[in-house]
file query-v2.cif (mmCIF, C-alpha atoms)
data_model
loop_
_atom_site.label_atom_id
_atom_site.label_comp_id
_atom_site.auth_asym_id
_atom_site.auth_seq_id
_atom_site.Cartn_x
_atom_site.Cartn_y
_atom_site.Cartn_z
CA MET A 24 0.43 19.94 33.25
CA ARG A 25 -1.59 19.52 30.09
CA PRO A 26 -3.22 16.61 28.22
CA LYS A 27 -0.95 14.64 25.94
CA PRO A 28 -1.14 16.10 22.42
CA PRO A 29 -2.26 14.08 19.37
CA VAL A 30 0.18 11.95 17.39
CA ARG A 31 0.56 13.37 13.89
CA VAL A 32 1.60 10.77 11.30
CA LEU A 33 0.20 11.86 7.93
CA ASP A 34 3.61 12.95 6.68
CA LEU A 35 5.12 9.53 7.56
CA PHE A 36 3.03 7.15 5.45
CA SER A 37 4.83 7.95 2.19
CA ASP A 38 8.27 7.46 3.72
CA GLU A 39 7.27 4.20 5.39
CA ARG A 40 5.88 2.84 2.12
CA ARG A 41 8.91 4.00 0.13
CA HIS A 42 11.22 2.14 2.52
CA LEU A 43 9.03 -0.96 2.28
CA LEU A 44 8.91 -1.02 -1.52
CA THR A 45 12.66 -0.50 -1.77
CA LEU A 46 13.25 -3.37 0.64
CA LEU A 47 10.87 -5.73 -1.14
CA SER A 48 12.36 -4.97 -4.55
CA GLU A 49 15.75 -6.21 -3.29
CA LEU A 50 14.60 -9.51 -1.76
CA SER A 51 15.75 -12.84 -3.15
CA ALA A 52 13.32 -15.69 -3.82
CA GLU A 53 14.63 -17.38 -0.68
CA GLN A 54 13.99 -14.29 1.44
CA TRP A 55 10.39 -14.05 0.25
CA THR A 56 9.77 -17.50 1.75
CA ALA A 57 11.62 -16.83 5.03
CA PRO A 58 9.56 -17.38 8.20
CA THR A 59 8.57 -14.34 10.26
CA GLU A 60 7.63 -13.73 13.88
CA CYS A 61 3.97 -14.08 12.83
CA ALA A 62 3.46 -17.78 13.37
CA GLY A 63 2.86 -19.68 10.12
CA TRP A 64 3.46 -16.67 7.90
CA SER A 65 6.36 -16.15 5.54
CA VAL A 66 7.67 -12.76 4.44
CA LYS A 67 5.40 -13.01 1.40
CA ASP A 68 2.41 -13.77 3.63
CA LEU A 69 3.16 -10.75 5.79
CA VAL A 70 3.42 -8.56 2.69
CA ALA A 71 0.02 -9.88 1.59
CA HIS A 72 -1.35 -8.98 5.01
CA LEU A 73 -0.09 -5.41 4.60
CA LEU A 74 -1.87 -5.23 1.28
CA GLY A 75 -5.00 -6.44 3.06
CA ASP A 76 -4.68 -3.61 5.58
CA ASP A 77 -4.65 -1.10 2.73
CA MET A 78 -7.55 -2.71 0.92
CA ASN A 79 -9.59 -2.84 4.12
CA ARG A 80 -9.13 0.88 4.73
CA LEU A 81 -10.10 1.74 1.18
CA ALA A 82 -13.13 -0.55 1.07
CA GLY A 83 -14.39 0.00 4.61
CA GLY A 84 -13.21 3.56 5.25
CA ARG A 85 -13.16 5.39 1.94
CA ASP A 86 -16.00 3.43 0.30
CA GLY A 87 -18.06 2.57 3.39
CA TYR A 88 -18.36 -1.08 2.35
CA ARG A 89 -18.75 -3.81 4.97
CA SER A 90 -18.63 -7.41 3.80
CA SER A 91 -18.37 -9.00 7.24
CA THR A 92 -18.43 -7.75 10.81
CA PRO A 93 -17.98 -9.30 14.25
CA SER A 94 -21.01 -9.94 16.44
CA GLN A 95 -22.74 -6.99 18.07
CA SER A 96 -20.62 -5.72 21.01
CA PRO A 97 -18.09 -8.57 20.78
CA THR A 98 -15.90 -9.52 23.72
CA TRP A 99 -12.17 -8.99 23.34
CA GLU A 100 -11.71 -12.73 22.67
CA GLU A 101 -14.43 -12.69 19.99
CA LEU A 102 -12.88 -9.66 18.31
CA VAL A 103 -9.42 -11.30 18.27
CA ALA A 104 -10.88 -14.51 16.79
CA PHE A 105 -12.75 -12.55 14.12
CA VAL A 106 -9.70 -10.53 13.11
CA ASN A 107 -7.42 -13.58 13.10
CA GLY A 108 -9.84 -15.56 10.95
CA ARG A 109 -10.30 -12.77 8.44
CA ASN A 110 -6.55 -12.13 8.23
CA GLU A 111 -5.74 -15.80 7.71
CA ALA A 112 -8.35 -16.19 4.97
CA TRP A 113 -6.93 -13.19 3.11
CA VAL A 114 -3.34 -14.40 3.33
CA ILE A 115 -4.23 -17.88 2.12
CA ALA A 116 -6.14 -16.44 -0.85
CA LEU A 117 -3.23 -14.18 -1.86
CA ARG A 118 -0.63 -16.94 -1.87
CA ARG A 119 -1.44 -17.32 -5.56
CA LEU A 120 -0.03 -13.84 -6.28
CA SER A 121 3.58 -13.27 -7.28
CA PRO A 122 5.94 -11.13 -5.19
CA GLN A 123 6.14 -8.58 -8.01
CA LEU A 124 2.38 -8.28 -8.19
CA LEU A 125 2.23 -7.68 -4.44
CA ILE A 126 4.82 -4.91 -4.83
CA ASP A 127 2.83 -3.37 -7.68
CA LEU A 128 -0.40 -3.44 -5.70
CA LEU A 129 1.21 -1.97 -2.58
CA SER A 130 2.54 0.88 -4.68
CA TRP A 131 -0.98 1.53 -5.96
CA THR A 132 -2.79 1.22 -2.62
CA GLY A 133 -0.26 3.26 -0.63
CA ASP A 134 -1.02 6.48 -2.49
CA ARG A 135 -4.76 5.96 -2.26
CA VAL A 136 -4.78 5.15 1.45
CA LEU A 137 -2.78 8.30 2.12
CA ALA A 138 -5.18 10.37 0.00
CA TYR A 139 -8.09 8.94 1.99
CA PHE A 140 -6.45 9.77 5.32
CA GLN A 141 -5.67 13.29 4.08
CA SER A 142 -9.37 13.79 3.34
CA LEU A 143 -10.33 13.23 6.98
CA ASP A 144 -10.58 15.70 9.83
CA PRO A 145 -8.07 14.28 12.35
CA MET A 146 -9.97 15.79 15.29
CA GLU A 147 -13.30 14.29 14.25
CA VAL A 148 -14.52 11.39 16.38
CA GLY A 149 -14.66 8.05 14.59
CA ASP A 150 -14.74 4.38 15.52
CA PRO A 151 -13.06 3.05 18.67
CA VAL A 152 -9.42 1.98 18.67
CA SER A 153 -10.15 -1.19 20.60
CA TRP A 154 -6.86 -1.52 22.48
CA ALA A 155 -7.23 2.08 23.69
CA GLY A 156 -10.77 1.53 25.00
CA PRO A 157 -14.33 0.86 23.83
CA THR A 158 -15.39 4.48 23.32
CA ALA A 159 -15.20 6.42 20.05
CA ALA A 160 -11.69 7.67 19.28
CA PRO A 161 -10.48 10.72 17.36
CA ARG A 162 -9.45 9.94 13.81
CA TRP A 163 -5.86 10.99 14.47
CA LEU A 164 -5.53 8.04 16.85
CA ASP A 165 -7.03 5.68 14.29
CA MET A 166 -4.57 6.93 11.66
CA ALA A 167 -1.69 6.67 14.12
CA ARG A 168 -2.77 3.09 14.87
CA GLU A 169 -2.63 2.35 11.14
CA TYR A 170 0.87 3.79 10.94
CA THR A 171 2.05 1.58 13.81
CA GLU A 172 0.57 -1.46 12.06
CA ARG A 173 2.64 -0.74 8.97
CA TRP A 174 5.81 0.08 10.89
CA VAL A 175 5.62 -3.05 13.04
CA HIS A 176 5.02 -5.43 10.14
CA GLN A 177 7.80 -3.85 8.11
CA GLN A 178 10.06 -4.27 11.13
CA GLN A 179 9.09 -7.95 11.34
CA ILE A 180 9.94 -8.37 7.65
CA ARG A 181 13.30 -6.67 8.20
CA VAL A 182 14.08 -8.97 11.12
CA ALA A 183 13.17 -12.02 9.02
CA VAL A 184 15.52 -11.08 6.16
CA GLY A 185 18.30 -9.55 8.26
CA ALA A 186 17.79 -5.97 7.06
CA PRO A 187 18.33 -2.90 9.27
CA GLY A 188 15.18 -1.61 10.96
CA LEU A 189 13.47 1.74 10.59
CA ARG A 190 14.97 3.10 13.79
CA GLU A 191 15.43 6.78 12.99
CA ARG A 192 13.54 8.87 15.51
CA ARG A 193 11.25 10.52 12.95
CA LEU A 194 9.77 7.16 11.96
CA PHE A 195 10.05 5.20 15.22
CA HIS A 196 9.14 7.70 17.96
CA PRO A 197 5.54 8.18 16.70
CA VAL A 198 5.07 4.40 17.02
CA LEU A 199 5.95 4.50 20.71
CA ASP A 200 4.03 7.76 21.17
CA THR A 201 0.93 6.00 19.79
CA PHE A 202 1.36 2.81 21.81
CA VAL A 203 1.24 4.68 25.13
CA HIS A 204 -2.42 5.46 24.40
CA ALA A 205 -3.05 1.88 25.51
CA LEU A 206 -2.07 2.77 29.09
CA PRO A 207 -5.34 4.32 30.35
CA HIS A 208 -7.20 1.20 29.18
CA THR A 209 -4.55 -1.07 30.71
CA TYR A 210 -5.03 0.62 34.09
CA ARG A 211 -8.83 0.95 33.86
CA GLU A 212 -9.51 -1.45 36.74
CA VAL A 213 -6.70 -0.15 38.96
CA ALA A 214 -8.46 1.96 41.59
CA VAL A 215 -5.95 4.08 43.48
CA ALA A 216 -6.02 7.57 44.94
CA ASP A 217 -6.42 10.56 42.65
CA GLY A 218 -3.06 12.07 41.90
CA SER A 219 -1.32 8.70 41.50
CA HIS A 220 1.28 9.14 38.79
CA VAL A 221 2.80 6.37 36.65
CA ARG A 222 5.70 7.59 34.55
CA LEU A 223 6.93 5.55 31.59
CA VAL A 224 10.45 6.25 30.35
CA ILE A 225 11.59 4.62 27.11
CA THR A 226 15.31 4.89 26.52
CA GLY A 227 17.02 5.07 23.14
CA GLU A 228 17.11 7.53 20.27
CA ALA A 229 13.38 7.14 19.57
CA GLY A 230 12.31 7.09 23.20
CA GLY A 231 10.74 9.63 25.51
CA ALA A 232 8.78 9.96 28.74
CA TRP A 233 5.02 9.89 29.35
CA SER A 234 2.85 10.45 32.43
CA LEU A 235 -0.31 8.52 33.29
CA LEU A 236 -2.33 10.21 36.06
CA ARG A 237 -5.36 9.25 38.08
CA VAL A 238 -7.72 12.23 37.89
CA GLN A 239 -11.32 12.18 39.11
CA GLU A 240 -11.21 8.38 39.38
CA LEU A 241 -10.09 8.00 35.76
CA TRP A 242 -6.67 7.45 34.16
CA ALA A 243 -5.42 9.85 31.49
CA LEU A 244 -2.16 10.80 29.75
CA PHE A 245 -0.50 14.13 30.45
CA VAL A 246 2.74 15.95 29.67
CA ASP A 247 4.72 18.51 31.68
CA VAL A 248 3.62 16.91 34.94
CA LYS A 249 5.43 18.44 37.92
CA THR A 250 4.13 16.19 40.70
CA PRO A 251 6.50 13.39 41.74
CA PRO A 252 5.66 10.00 40.21
CA THR A 253 4.24 7.21 42.31
CA CYS A 254 6.32 4.86 40.21
CA VAL A 255 8.65 5.07 37.24
CA VAL A 256 8.88 2.25 34.68
CA THR A 257 11.92 2.33 32.39
CA LEU A 258 12.24 0.20 29.26
CA ASP A 259 14.57 0.30 26.28
CA GLU A 260 12.95 1.08 22.95
CA GLU A 261 13.35 -2.47 21.60
CA ALA A 262 11.66 -4.02 24.62
CA ALA A 263 8.95 -1.34 24.53
CA TRP A 264 7.68 -1.90 20.99
CA ARG A 265 7.83 -5.66 21.43
CA LEU A 266 5.91 -5.47 24.71
CA PHE A 267 3.09 -3.44 23.17
CA THR A 268 2.83 -5.84 20.20
CA ARG A 269 3.04 -9.13 22.15
CA GLY A 270 6.56 -9.77 20.87
CA ILE A 271 7.50 -10.38 24.51
CA ASP A 272 5.25 -11.12 27.46
CA ALA A 273 5.07 -9.37 30.81
CA ALA A 274 7.54 -11.79 32.41
CA ALA A 275 10.15 -11.18 29.71
CA ALA A 276 9.53 -7.44 29.85
CA ARG A 277 9.99 -7.45 33.62
CA LYS A 278 13.52 -8.78 33.17
CA ARG A 279 14.34 -5.76 31.00
CA ALA A 280 12.37 -3.16 32.93
CA ALA A 281 13.39 -1.06 35.91
CA ILE A 282 10.57 -0.13 38.29
CA GLU A 283 11.15 2.54 40.90
CA GLY A 284 8.58 3.31 43.57
CA ASP A 285 5.32 1.34 43.75
CA GLU A 286 6.30 -2.02 42.22
CA ILE A 287 2.74 -3.35 42.04
CA LEU A 288 1.42 -0.26 40.26
CA GLY A 289 4.37 -0.23 37.89
CA ALA A 290 4.03 -3.92 37.00
CA VAL A 291 0.53 -3.30 35.60
CA LEU A 292 2.13 -1.36 32.74
CA LEU A 293 3.88 -4.53 31.59
CA ARG A 294 0.47 -5.98 30.66
CA SER A 295 -0.11 -3.28 28.03
CA VAL A 296 -1.14 -4.32 24.53
CA ALA A 297 -1.51 -2.01 21.53
CA ILE A 298 -2.63 -4.49 18.87
CA ILE A 299 -5.67 -6.69 18.40
CA ALA A 300 -4.08 -9.82 16.93
#

call {"tool": "encode", "arguments": {"input": "query-v2.cif", "output": "structure tokens"}}
result
Amino acid sequence: MRPKPPVRVLDLFSDERRHLLTLLSELSAEQWTAPTECAGWSVKDLVAHLLGDDMNRLAGGRDGYRSSTPSQSPTWEELVAFVNGRNEAWVIALRRLSPQLLIDLLSWTGDRVLAYFQSLDPMEVGDPVSWAGPTAAPRWLDMAREYTERWVHQQQIRVAVGAPGLRERRLFHPVLDTFVHALPHTYREVAVADGSHVRLVITGEAGGAWSLLRVQELWALFVDVKTPPTCVVTLDEEAAWRLFTRGIDAAAARKRAAIEGDEILGAVLLRSVAIIA
């Protein structure tokens, strides 16, 4: 067996943004005001939020500018409250912008965010990816997290307006491949014997299989694992991405999941979260 390899997404940002801009350019005035799965936000609000994601990476990452930060060593609840408050303030402020201006700005920021990411060493250690754990994370995981943020919100927009999703494997599989990095953190308090093996199988064109192993009293992701799994959790790709992004809760996921082997160990996986708010 060997450690799970990094998720490489740099070549996907341009395609994701191209699909988004094409979609937005075809929306009617009514579709721009359609409600989304993000409570209280319309399609236009969600587009404004995506613009905020870009601006935040340029200001905070590329330019090193920090206008506001959460408290020192915040709890998970404090971090969620901080992020929710900042996001809501941004969306409210941008409601004065027209849909066309949002499209224009997203076209401008997309190229610059990609150029910033391309300037980074993906193997360099950077800030933590909070849902993957409190320790510093490699930049490739941070960039992969940013890709999932953009894919998920575009998917939510597509659901709101009745447009087909970005389900081709090239664009969707890296989302799932990134989300599984939440599993070691999800299982961090589960103390079982070394060698315990949780296998996640996601069915569908974009799916795959991943192994979470207990090694030296820690959980880690591996591939090409030959030892039999302690439990196998199987989910379809739609249920999987919604589980990791709080689109469905553990109870709803359990109705769609198959767990073979240790039921208690497998059920922990259904508490996984790969977003902050």

call {"tool": "residues_near_point", "arguments": {"input": "query-v2.cif", "point": "(9.7, -0.2, 3.7)", "cutoff": "9 Å", "atoms": "only C-alpha atoms", "output": "JSON, numbers by chain"}}
result
{"A": [38, 39, 40, 41, 42, 43, 44, 45, 46, 47, 173, 174, 177, 178, 181, 189]}

call {"tool": "closest_residue", "arguments": {"input": "query-v2.cif", "among": "A:Ser90, A:Thr59, A:Thr171, A:Ser37", "to": "Ser130 in chain A", "atoms": "only C-alpha atoms"}}
result
A:Ser37

call {"tool": "atom_distance", "arguments": {"input": "query-v2.cif", "atom1": "CA of Ala116 in chain A", "atom2": "CA of Gly185 in chain A"}}
result
27.0 Å

call {"tool": "resolve_selection", "arguments": {"input": "query-v2.cif", "expression": "the PyMOL selection byres ((chain A and resi 62-64) around 12)", "output": "compact mmCIF listing (two decimals) with C-alpha atoms, keeping the file's coordinate frame"}}
result
# COMPACT_ATOMS: atom_id res chain seq x y z
CA TRP A 55 10.39 -14.05 0.25
CA THR A 56 9.77 -17.50 1.75
CA ALA A 57 11.62 -16.83 5.03
CA PRO A 58 9.56 -17.38 8.20
CA THR A 59 8.57 -14.34 10.26
CA GLU A 60 7.63 -13.73 13.88
CA CYS A 61 3.97 -14.08 12.83
CA SER A 65 6.36 -16.15 5.54
CA VAL A 66 7.67 -12.76 4.44
CA LYS A 67 5.40 -13.01 1.40
CA ASP A 68 2.41 -13.77 3.63
CA LEU A 69 3.16 -10.75 5.79
CA VAL A 70 3.42 -8.56 2.69
CA ALA A 71 0.02 -9.88 1.59
CA HIS A 72 -1.35 -8.98 5.01
CA ASN A 107 -7.42 -13.58 13.10
CA ASN A 110 -6.55 -12.13 8.23
CA GLU A 111 -5.74 -15.80 7.71
CA TRP A 113 -6.93 -13.19 3.11
CA VAL A 114 -3.34 -14.40 3.33
CA ILE A 115 -4.23 -17.88 2.12
CA ARG A 118 -0.63 -16.94 -1.87
CA HIS A 176 5.02 -5.43 10.14
CA GLN A 179 9.09 -7.95 11.34
CA ILE A 180 9.94 -8.37 7.65
CA ALA A 183 13.17 -12.02 9.02
CA GLY A 270 6.56 -9.77 20.87
CA ALA A 300 -4.08 -9.82 16.93

call {"tool": "resolve_selection", "arguments": {"input": "query-v2.cif", "expression": "the PyMOL selection byres ((chain A and resi 262) around 12)", "output": "MDAnalysis selection string"}}
result
chainID A and resid 199 224:227 230 257:261 263:281 293

call {"tool": "closest_residue", "arguments": {"input": "query-v2.cif", "among": "A:Glu283, A:Asp217, A:Asp134, A:Asp77", "to": "Glu240 in chain A", "atoms": "all atoms listed in the file"}}
result
A:Asp217

call {"tool": "atom_distance", "arguments": {"input": "query-v2.cif", "atom1": "CA of Val291 in chain A", "atom2": "CA of Ala216 in chain A"}}
result
15.8 Å

call {"tool": "atom_distance", "arguments": {"input": "query-v2.cif", "atom1": "CA of Gly156 in chain A", "atom2": "CA of Glu228 in chain A"}}
result
28.9 Å

call {"tool": "residues_around", "arguments": {"input": "query-v2.cif", "residues": "Thr209 in chain A", "least_positions_apart": "5", "cutoff": "9 Å", "atoms": "all atoms listed in the file", "output": "list in words"}}
result
Trp154, Ala155, Gly156, Val291, Leu292, Arg294, Ser295 and Val296 of chain A

call {"tool": "write_last_selection", "arguments": {"input": "query-v2.cif", "atoms": "C-alpha atoms", "output": "short mmCIF file (atom, residue, chain, number, x, y, z; two decimals), keeping the file's coordinate frame"}}
result
data_model
loop_
_atom_site.label_atom_id
_atom_site.label_comp_id
_atom_site.auth_asym_id
_atom_site.auth_seq_id
_atom_site.Cartn_x
_atom_site.Cartn_y
_atom_site.Cartn_z
CA TRP A 154 -6.86 -1.52 22.48
CA ALA A 155 -7.23 2.08 23.69
CA GLY A 156 -10.77 1.53 25.00
CA VAL A 291 0.53 -3.30 35.60
CA LEU A 292 2.13 -1.36 32.74
CA ARG A 294 0.47 -5.98 30.66
CA SER A 295 -0.11 -3.28 28.03
CA VAL A 296 -1.14 -4.32 24.53
#

call {"tool": "resolve_selection", "arguments": {"input": "query-v2.cif", "expression": "the PyMOL selection byres ((chain A and resi 146) around 7)", "output": "ChimeraX atom specification"}}
result
/A:144-145,147-148,161-163

call {"tool": "closest_residue", "arguments": {"input": "query-v2.cif", "among": "A:Thr201, A:Ala112, A:Phe105, A:Phe36", "to": "Thr132 in chain A", "atoms": "only C-alpha atoms"}}
result
A:Phe36

call {"tool": "residues_around", "arguments": {"input": "query-v2.cif", "residues": "Leu235 in chain A", "least_positions_apart": "4", "cutoff": "7 Å", "atoms": "all atoms listed in the file", "output": "MDAnalysis selection string"}}
result
chainID A and resid 220:222 242:245

call {"tool": "closest_residue", "arguments": {"input": "query-v2.cif", "among": "A:Asp76, A:Tyr88, A:Val213, A:Phe195", "to": "Val106 in chain A", "atoms": "only C-alpha atoms"}}
result
A:Asp76

call {"tool": "residues_around", "arguments": {"input": "query-v2.cif", "residues": "Asp165 in chain A", "least_positions_apart": "4", "cutoff": "9 Å", "atoms": "only C-alpha atoms", "output": "PyMOL selection string"}}
result
chain A and resi 145+149-152+160-161+169-170

call {"tool": "residues_around", "arguments": {"input": "query-v2.cif", "residues": "Asp86 in chain A", "least_positions_apart": "5", "cutoff": "12 Å", "atoms": "only C-alpha atoms", "output": "PyMOL selection string"}}
result
chain A and resi 78-81+135-136+139

call {"tool": "closest_residue", "arguments": {"input": "query-v2.cif", "among": "A:Asp34, A:Ile126, A:Met24, A:Leu102", "to": "Ser48 in chain A", "atoms": "all atoms listed in the file"}}
result
A:Ile126

call {"tool": "closest_residue", "arguments": {"input": "query-v2.cif", "among": "A:Arg237, A:Arg211, A:Lys249, A:His196", "to": "Arg31 in chain A", "atoms": "only C-alpha atoms"}}
result
A:His196
